[in-house]
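K.L.:
One file: entry-v6.txt (compact mmCIF, C-alpha atoms).
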# COMPACT_ATOMS: atom_id res chain seq x y z
CA MET A 1 -20.88 -31.48 38.44
CA LEU A 2 -17.41 -30.81 39.85
CA LEU A 3 -16.31 -27.18 39.85
CA ILE A 4 -12.60 -26.47 39.47
CA TYR A 5 -11.05 -23.10 40.28
CA CYS A 6 -8.81 -21.94 37.42
CA PRO A 7 -6.04 -19.68 38.77
CA TYR A 8 -5.78 -17.91 35.40
CA CYS A 9 -9.50 -17.33 34.79
CA GLU A 10 -9.86 -16.58 38.51
CA GLU A 11 -13.16 -18.36 38.84
CA GLU A 12 -14.69 -21.79 39.21
CA ARG A 13 -15.58 -23.59 36.01
CA SER A 14 -17.18 -26.88 35.20
CA GLU A 15 -15.01 -29.97 35.12
CA LEU A 16 -16.08 -30.41 31.47
CA GLU A 17 -13.64 -27.66 30.47
CA PHE A 18 -10.62 -29.35 32.10
CA ARG A 19 -8.28 -32.23 31.39
CA GLN A 20 -5.98 -33.95 33.85
CA ALA A 21 -2.36 -33.99 32.69
CA GLY A 22 -0.45 -36.26 35.05
CA ASP A 23 1.63 -35.64 38.15
CA ALA A 24 3.00 -32.21 38.99
CA HIS A 25 6.41 -31.26 40.33
CA ILE A 26 8.28 -34.06 38.57
CA ALA A 27 11.97 -33.22 38.55
CA ARG A 28 13.09 -33.87 35.00
CA PRO A 29 16.68 -35.15 34.76
CA THR A 30 19.22 -32.92 33.05
CA ASN A 31 21.56 -35.79 32.17
CA MET A 32 19.13 -37.92 30.18
CA THR A 33 21.79 -39.27 27.80
CA GLU A 34 23.85 -40.66 30.68
CA MET A 35 21.00 -42.38 32.49
CA THR A 36 20.58 -46.11 32.69
CA ASP A 37 17.40 -47.67 31.36
CA GLU A 38 16.26 -48.35 34.90
CA GLU A 39 16.75 -44.74 35.94
CA PHE A 40 14.89 -43.54 32.85
CA GLU A 41 12.06 -45.95 33.55
CA ALA A 42 11.79 -44.64 37.10
CA PHE A 43 11.58 -41.04 35.93
CA PHE A 44 9.42 -41.60 32.89
CA PHE A 45 6.90 -44.25 33.90
CA LEU A 46 6.84 -44.79 37.63
CA ARG A 47 4.44 -42.67 39.66
CA ASP A 48 3.49 -42.85 43.30
CA ASN A 49 -0.29 -43.20 42.82
CA VAL A 50 -0.94 -42.14 46.39
CA LYS A 51 -4.19 -42.59 48.24
CA GLY A 52 -5.03 -39.17 49.61
CA LEU A 53 -3.46 -35.82 48.83
CA THR A 54 -1.75 -35.67 45.45
CA TYR A 55 -0.33 -32.91 43.26
CA GLU A 56 -1.36 -32.94 39.63
CA ARG A 57 -1.10 -30.89 36.48
CA TRP A 58 -4.41 -29.88 34.99
CA ARG A 59 -5.19 -28.00 31.82
CA HIS A 60 -8.09 -25.62 31.30
CA LEU A 61 -8.39 -26.98 27.80
CA ASN A 62 -11.73 -25.52 26.75
CA GLY A 63 -11.15 -22.27 28.61
CA CYS A 64 -7.98 -20.25 28.86
CA GLY A 65 -5.92 -23.21 27.66
CA ARG A 66 -3.35 -22.85 30.44
CA PHE A 67 -1.74 -25.63 32.44
CA PHE A 68 -1.87 -25.21 36.20
CA ASN A 69 -1.27 -27.36 39.26
CA ALA A 70 -3.81 -28.75 41.67
CA ALA A 71 -3.66 -30.41 45.07
CA ARG A 72 -6.42 -33.01 44.98
CA ASP A 73 -7.57 -35.77 47.26
CA THR A 74 -7.73 -39.03 45.34
CA VAL A 75 -10.15 -40.57 47.84
CA SER A 76 -12.83 -37.90 47.83
CA ASP A 77 -12.01 -36.32 44.43
CA LYS A 78 -12.07 -32.95 46.18
CA PHE A 79 -9.73 -30.22 44.98
CA VAL A 80 -7.92 -28.83 48.00
CA THR A 81 -6.38 -25.95 46.07
CA THR A 82 -5.20 -24.97 42.60
CA TYR A 83 -2.24 -22.73 41.78
CA LYS A 84 -0.40 -21.39 38.76
CA ALA A 85 2.19 -23.53 37.00
CA GLY A 86 5.72 -22.79 38.17
CA LEU A 87 4.74 -21.97 41.73
CA PRO A 88 6.12 -24.18 44.50
CA LYS A 89 4.01 -26.78 46.25
CA PRO A 90 1.68 -25.12 48.72
CA ASP A 91 2.27 -25.84 52.39
CA ILE A 92 0.61 -29.17 53.12
CA SER A 93 -0.04 -28.31 56.75
CA THR A 94 -2.42 -25.56 55.68
CA LEU A 95 -4.28 -27.90 53.36
CA ARG A 96 -6.80 -30.31 54.75
CA PRO A 97 -7.14 -33.51 52.78
CA ALA A 98 -10.40 -35.34 53.25
CA THR A 99 -10.45 -38.26 55.62
CA GLU A 100 -12.36 -41.50 55.27
CA ALA A 101 -15.07 -39.99 57.46
CA THR A 102 -15.67 -37.02 55.18
CA VAL A 103 -15.79 -38.97 51.94
CA GLU A 104 -19.17 -39.02 50.29
CA THR A 105 -19.73 -42.71 49.70
CA TYR A 106 -22.51 -44.15 47.63
CA GLU A 107 -24.04 -45.71 50.73
CA ALA A 108 -24.07 -42.39 52.57
CA THR A 109 -25.58 -40.28 49.83
CA GLU A 110 -27.66 -42.63 47.70
CA SER A 111 -28.71 -45.38 50.07
CA ASN A 112 -32.29 -44.14 50.16
CA ALA A 113 -32.56 -44.25 46.39
CA LYS A 114 -35.02 -46.86 45.27
CA MET B 115 -5.05 -22.22 -20.45
CA ALA B 116 -8.75 -22.81 -20.49
CA ASP B 117 -10.99 -20.13 -21.83
CA LEU B 118 -12.87 -18.74 -18.82
CA ILE B 119 -15.27 -16.59 -20.81
CA GLY B 120 -18.77 -17.75 -20.13
CA ALA B 121 -17.69 -20.18 -17.41
CA ASP B 122 -19.65 -20.30 -14.19
CA LEU B 123 -17.62 -18.69 -11.46
CA ALA B 124 -17.48 -20.50 -8.15
CA THR B 125 -19.49 -18.87 -5.38
CA ARG B 126 -18.59 -19.26 -1.74
CA THR B 127 -21.16 -21.08 0.36
CA LEU B 128 -21.18 -19.80 3.89
CA PRO B 129 -21.65 -22.16 6.81
CA LEU B 130 -25.14 -21.67 8.25
CA ALA B 131 -26.12 -19.61 5.18
CA GLY B 132 -29.69 -18.44 5.66
CA PHE B 133 -29.98 -20.15 9.03
CA HIS B 134 -32.80 -18.94 11.27
CA GLY B 135 -34.29 -20.72 14.20
CA GLY B 136 -35.03 -20.71 17.86
CA SER B 137 -38.19 -19.70 19.60
CA GLY B 138 -40.03 -16.62 20.79
CA ALA B 139 -37.82 -16.48 23.86
CA ALA B 140 -34.52 -17.01 22.08
CA SER B 141 -34.17 -16.37 18.37
CA LEU B 142 -31.21 -17.71 16.44
CA SER B 143 -29.58 -16.32 13.34
CA ALA B 144 -26.30 -16.71 11.54
CA ALA B 145 -23.83 -13.89 12.11
CA ALA B 146 -22.66 -11.95 9.09
CA PRO B 147 -19.22 -12.92 7.75
CA ALA B 148 -16.38 -11.26 9.65
CA THR B 149 -12.61 -11.37 9.72
CA ARG B 150 -11.12 -13.04 12.76
CA LEU B 151 -7.69 -13.24 14.24
CA SER B 152 -6.23 -15.69 16.71
CA LEU B 153 -3.67 -13.49 18.42
CA ARG B 154 -1.04 -14.56 20.92
CA ALA B 155 1.57 -12.33 22.50
CA LYS B 156 3.55 -11.76 25.67
CA PRO B 157 2.57 -8.88 27.99
CA ASP B 158 5.31 -6.58 26.69
CA ALA B 159 3.79 -6.64 23.20
CA VAL B 160 0.23 -5.84 24.27
CA SER B 161 0.47 -2.04 24.08
CA ALA B 162 1.98 -2.02 20.57
CA LEU B 163 -0.59 -4.55 19.32
CA SER B 164 -3.38 -2.52 20.92
CA LEU B 165 -2.16 0.54 19.05
CA ALA B 166 -2.00 -1.39 15.77
CA LEU B 167 -5.53 -2.76 16.20
CA GLY B 168 -7.04 0.50 17.40
CA LEU B 169 -8.41 -0.91 20.64
CA SER B 170 -7.03 -1.79 24.01
CA LEU B 171 -6.42 -5.55 24.26
CA PRO B 172 -8.05 -6.70 27.50
CA THR B 173 -5.78 -8.28 30.10
CA ARG B 174 -8.39 -9.28 32.67
CA PRO B 175 -10.10 -12.70 32.44
CA LYS B 176 -13.49 -12.83 30.73
CA THR B 177 -13.32 -9.23 29.48
CA SER B 178 -13.37 -7.74 25.99
CA ALA B 179 -12.76 -4.44 24.25
CA SER B 180 -14.76 -3.10 21.33
CA ALA B 181 -14.28 -0.21 18.93
CA HIS B 182 -15.94 0.49 15.58
CA GLY B 183 -17.23 -3.03 14.97
CA ARG B 184 -13.98 -4.62 16.09
CA HIS B 185 -13.93 -6.78 19.21
CA ALA B 186 -10.94 -8.18 21.11
CA LEU B 187 -11.91 -11.08 23.36
CA TRP B 188 -9.67 -12.30 26.20
CA LEU B 189 -9.30 -16.07 25.83
CA GLY B 190 -6.23 -16.65 27.98
CA PRO B 191 -3.38 -14.75 29.64
CA ASP B 192 -1.58 -14.44 26.29
CA GLU B 193 -4.34 -15.20 23.83
CA TRP B 194 -7.10 -13.17 22.18
CA LEU B 195 -9.80 -13.68 19.58
CA VAL B 196 -10.18 -10.51 17.54
CA ILE B 197 -13.31 -10.17 15.40
CA ASP B 198 -13.88 -7.41 12.87
CA GLU B 199 -17.46 -7.17 11.65
CA ASN B 200 -16.46 -4.81 8.85
CA GLY B 201 -14.13 -7.39 7.32
CA ALA B 202 -11.02 -5.24 7.76
CA ASP B 203 -7.55 -6.65 7.10
CA MET B 204 -6.30 -7.22 10.63
CA MET B 205 -3.36 -9.42 9.64
CA GLY B 206 -1.85 -6.39 7.94
CA ALA B 207 -2.56 -4.23 10.95
CA VAL B 208 -0.82 -6.46 13.48
CA ALA B 209 2.05 -7.16 11.08
CA SER B 210 2.89 -3.45 11.22
CA SER B 211 3.02 -3.48 15.02
CA GLY B 212 6.75 -4.20 15.05
CA VAL B 213 6.59 -6.44 18.10
CA LEU B 214 6.88 -10.20 18.54
CA HIS B 215 3.49 -11.90 18.32
CA SER B 216 1.69 -14.78 16.67
CA ALA B 217 -1.35 -14.00 14.54
CA THR B 218 -3.39 -16.47 12.54
CA ASP B 219 -6.25 -15.53 10.25
CA ILE B 220 -9.16 -17.73 11.31
CA SER B 221 -11.90 -15.80 9.51
CA HIS B 222 -13.08 -18.92 7.72
CA ARG B 223 -12.39 -21.43 10.47
CA ASN B 224 -15.03 -19.84 12.68
CA THR B 225 -18.61 -18.94 12.20
CA ALA B 226 -21.07 -17.55 14.71
CA VAL B 227 -24.67 -17.88 15.80
CA ILE B 228 -26.41 -14.87 17.30
CA VAL B 229 -28.73 -15.83 20.17
CA ARG B 230 -31.15 -13.05 21.05
CA GLY B 231 -34.08 -12.76 23.42
CA ARG B 232 -35.05 -13.01 27.06
CA GLY B 233 -34.41 -16.75 26.93
CA ALA B 234 -30.90 -16.43 25.43
CA GLU B 235 -29.17 -17.45 28.66
CA VAL B 236 -31.42 -20.47 29.05
CA ALA B 237 -30.85 -21.51 25.45
CA ILE B 238 -27.06 -21.43 25.81
CA ASN B 239 -27.21 -23.07 29.23
CA GLY B 240 -28.91 -25.96 27.46
CA GLY B 241 -25.42 -27.09 26.51
CA CYS B 242 -23.08 -24.89 28.53
CA PRO B 243 -22.66 -25.12 32.31
CA GLN B 244 -21.32 -21.60 32.82
CA ASP B 245 -23.17 -19.06 34.95
CA LEU B 246 -24.51 -16.53 32.42
CA SER B 247 -26.48 -14.33 34.81
CA LEU B 248 -25.89 -10.62 34.23
CA GLY B 249 -23.97 -10.14 37.48
CA ILE B 250 -21.45 -12.87 36.67
CA PHE B 251 -21.40 -12.57 32.87
CA PRO B 252 -22.14 -8.89 32.15
CA VAL B 253 -22.44 -7.23 28.76
CA GLY B 254 -19.00 -7.36 27.14
CA ALA B 255 -17.99 -10.53 28.98
CA CYS B 256 -16.54 -13.33 26.89
CA SER B 257 -15.27 -16.82 27.49
CA ARG B 258 -14.07 -19.86 25.69
CA THR B 259 -16.12 -22.78 26.97
CA VAL B 260 -18.05 -25.85 25.89
CA LEU B 261 -21.49 -26.21 24.32
CA GLY B 262 -22.35 -29.87 24.49
CA LYS B 263 -19.55 -31.63 22.62
CA ALA B 264 -18.28 -28.53 20.85
CA GLU B 265 -15.89 -25.82 21.95
CA VAL B 266 -17.38 -22.34 21.60
CA VAL B 267 -16.50 -18.77 22.47
CA LEU B 268 -19.33 -16.86 24.12
CA PHE B 269 -19.51 -13.09 23.81
CA ARG B 270 -22.32 -11.12 25.41
CA THR B 271 -22.99 -8.16 23.13
CA ALA B 272 -26.15 -6.96 24.90
CA GLU B 273 -28.19 -7.92 27.92
CA ASP B 274 -30.29 -10.26 25.82
CA THR B 275 -27.82 -11.06 23.03
CA PHE B 276 -24.93 -13.48 22.78
CA ARG B 277 -22.56 -14.18 19.94
CA VAL B 278 -21.65 -17.87 19.94
CA GLU B 279 -18.47 -18.44 17.94
CA CYS B 280 -17.73 -22.00 16.88
CA TRP B 281 -15.65 -23.82 14.31
CA ARG B 282 -17.47 -24.02 10.98
CA SER B 283 -17.39 -27.81 11.01
CA PHE B 284 -19.25 -27.74 14.34
CA ALA B 285 -21.81 -25.21 13.06
CA PRO B 286 -24.55 -27.75 12.22
CA TYR B 287 -24.19 -29.33 15.66
CA VAL B 288 -24.02 -26.03 17.56
CA SER B 289 -26.96 -24.49 15.71
CA GLY B 290 -28.97 -27.69 16.10
CA LEU B 291 -28.32 -27.95 19.82
CA LEU B 292 -29.09 -24.25 20.34
CA ASN B 293 -32.29 -24.67 18.33
CA GLU B 294 -33.46 -27.48 20.61
CA ALA B 295 -32.48 -25.56 23.75
CA ALA B 296 -34.15 -22.38 22.48
CA GLU B 297 -37.42 -24.26 22.13
CA ASP B 298 -37.04 -25.41 25.73
CA ALA B 299 -36.49 -21.77 26.73
CA GLY B 300 -40.14 -21.06 25.86
CA ASN B 301 -42.08 -18.90 23.47
So, in terms of structure tokens, how does the structure I just supplied come out?

P.N.:
Amino acid sequence: MLLIYCPYCEEERSELEFRQAGDAHIARPTNMTEMTDEEFEAFFFLRDNVKGLTYERWRHLNGCGRFFNAARDTVSDKFVTTYKAGLPKPDISTLRPATEATVETYEATESNAK
Amino acid sequence: MADLIGADLATRTLPLAGFHGGSGAASLSAAAPATRLSLRAKPDAVSALSLALGLSLPTRPKTSASAHGRHALWLGPDEWLVIDENGADMMGAVASSGVLHSATDISHRNTAVIVRGRGAEVAINGGCPQDLSLGIFPVGACSRTVLGKAEVVLFRTAEDTFRVECWRSFAPYVSGLLNEAAEDAGN
């Protein structure tokens, strides 16, 4: 079971208490009425879907109920760090996203399973 | 207007009325009816609300405050569950606080199962992944969390006793799951 550190509860809790809530740090336009449909589409629907380090909003739904941000590696599913909503992106150079070599693949961990 | 003389008056049926279960290691019983408040407020209103409620609202995660059968449980940075076992009118109390807050009477939305015994932790861990060992979850600790498919609020009232608050519509599921897990906890 994945453990996620909630910055408000200040401890690690089971993933069962959390919900993912989309990308973090999206700059919402202030001139929405003047935007073209294409610009609105880009803001509203289009996301980067990166392979590797990504910044997401998460909600501790069945805990303190707060939204917070997380830096997570989409390859390994590992949480690099979590931080309170409203705080700036943490410095990427201090975070170490997992590489292909550190990813726990099925073959590496379960290959002996009969 | 209908003549009410001699009519049968409606009686309230409590969720989990008469419920008893569990095992020798973890006994289960339904908690007595209580008044409950879902309270939300910003930090600057905490002291006035504490004064109105007669206890100090906790501001640290997973902590609670108790006084005279009234318990304030920290649920989130601006959210508390306040339980009064004496059935006192807490809505009136917080309304007189004079500060901005949101209070909702949830006395009848929630019900509670009391889990007691040396196997209480094991019984709750049957459906809840939280670490309930005494060092991590001491007496007085509380937390909103999950029990199987239901959301519950755990409150440790003694070393071997937990109060498991759940929505009344989840009560049959929560009590049933705890009953199964209590049997697994041993006799």

K.L.:
Determine, for each residue of chain A having at least one atom at most 6 Å from an atom of chain B, the closest pair of atoms and their separation in Å to one decimal, counting all atoms listed in the file; order by chain and ascending number, as a tab-separated table.

P.N.:
residue	atom	partner	partner_atom	distance
A:Cys9	CA	B:Pro175	CA	5.2
A:Asn62	CA	B:Thr259	CA	5.2
A:Gly63	CA	B:Arg258	CA	4.8
A:Cys64	CA	B:Gly190	CA	4.1

K.L.:
Kindly give the distance, in Å, that separates atom CA of B:Val229 and atom CA of B:Phe276, rounded to a single decimal.

P.N.:
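Interatomic distance here is 5.2 Å.
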
K.L.:
I want to know what sits within 7 Å of stretch 281-285 of chain B, based on all atoms listed in the file, with residues of the same chain fewer than 3 positions away left out; could you give that as a list of chain:residue names?

P.N.:
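Near neighbours after the sequence-gap exclusion: B:Pro129, B:Leu130, B:Arg223, B:Asn224, B:Thr225, B:Ala264, B:Val288, B:Ser289.
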
K.L.:
Can you work out the spacing between atom CA of B:Val278 and atom CA of B:Gly183 in Å, to one decimal?

P.N.:
16.3 Å

K.L.:
For B:Pro157, which of B:Asp274, B:His215, B:Ile228, B:Ser137 is the closest residue, counting only C-alpha atoms?

P.N.:
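Closest to B:Pro157, using only C-alpha atoms: B:His215.
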
K.L.:
Measure the distance from atom CA of B:Asn293 to atom CA of B:Gly201 in Å and round it to one decimal.

P.N.:
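Here the two named atoms are 27.4 Å from each other.
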
K.L.:
From the options A:Gln20, A:Glu39, A:Thr54, A:Glu34, which residue's atoms come nearest to A:Asp73, counting all atoms listed in the file?

P.N.:
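When distances to A:Asp73 are compared using all atoms listed in the file, the smallest one comes from A:Thr54.
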
K.L.:
Using all atoms listed in the file, which of A:Glu41, A:Ala24, A:Leu61, A:Glu15 sits nearest A:Ala85?

P.N.:
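Using all atoms listed in the file, A:Ala85 sits closest to A:Ala24.
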
K.L.:
Pick out the closest residue to B:Asp158 from this set: B:Leu214, B:Ala272, B:Ile197, B:Leu187. Count all atoms listed in the file.

P.N.:
B:Leu214

K.L.:
Step by step: start from the point (-25.0, -19.3, 10.8) in the file's coordinates, keep every protein, DNA or RNA residue that has an atom no farther than 6 Å from it, count only C-alpha atoms, and write the set as a ChimeraX atom specification.

P.N.:
/B:129-131,133,144-145,226-227

K.L.:
List as JSON, numbers by chain the protein and nucleic acid residues near B:Arg230, meaning an atom at most 10 Å away when only C-alpha atoms are counted, but skip any in the same chain fewer than 2 places from it.

P.N.:
{"B": [136, 137, 138, 139, 140, 141, 142, 143, 227, 228, 232, 233, 234, 235, 237, 271, 272, 273, 274, 275, 276, 277, 296]}

K.L.:
Env of B:Leu151: 9 Å cut, atoms = all atoms listed in the file, seq-sep filter 4 positions within chain, self excluded. Answer as a PyMOL selection string.

P.N.:
chain B and resi 194-198+204-205+217-221

K.L.:
I want to know what sits within 9 Å of B:His182, based on all atoms listed in the file, with residues of the same chain fewer than 2 positions away left out; could you give that as a list in words?

P.N.:
Ser180, Arg184, His185, Asp198, Glu199 and Asn200 of chain B

K.L.:
Residues within 8 Å of A:Thr74, please, as a list in words. Count all atoms listed in the file; anything in the same chain fewer than 6 positions from it doesn't count.

P.N.:
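What passes the distance filter is Val50, Lys51, Gly52, Leu53 and Thr54 of chain A.
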
K.L.:
Counting all atoms listed in the file, which residue out of A:Asp23, A:Glu10, A:Glu17, A:Asp77 sits closest to A:Arg57?

P.N.:
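Going through A:Asp23, A:Glu10, A:Glu17, A:Asp77 one by one, the smallest distance to A:Arg57 is for A:Asp23.
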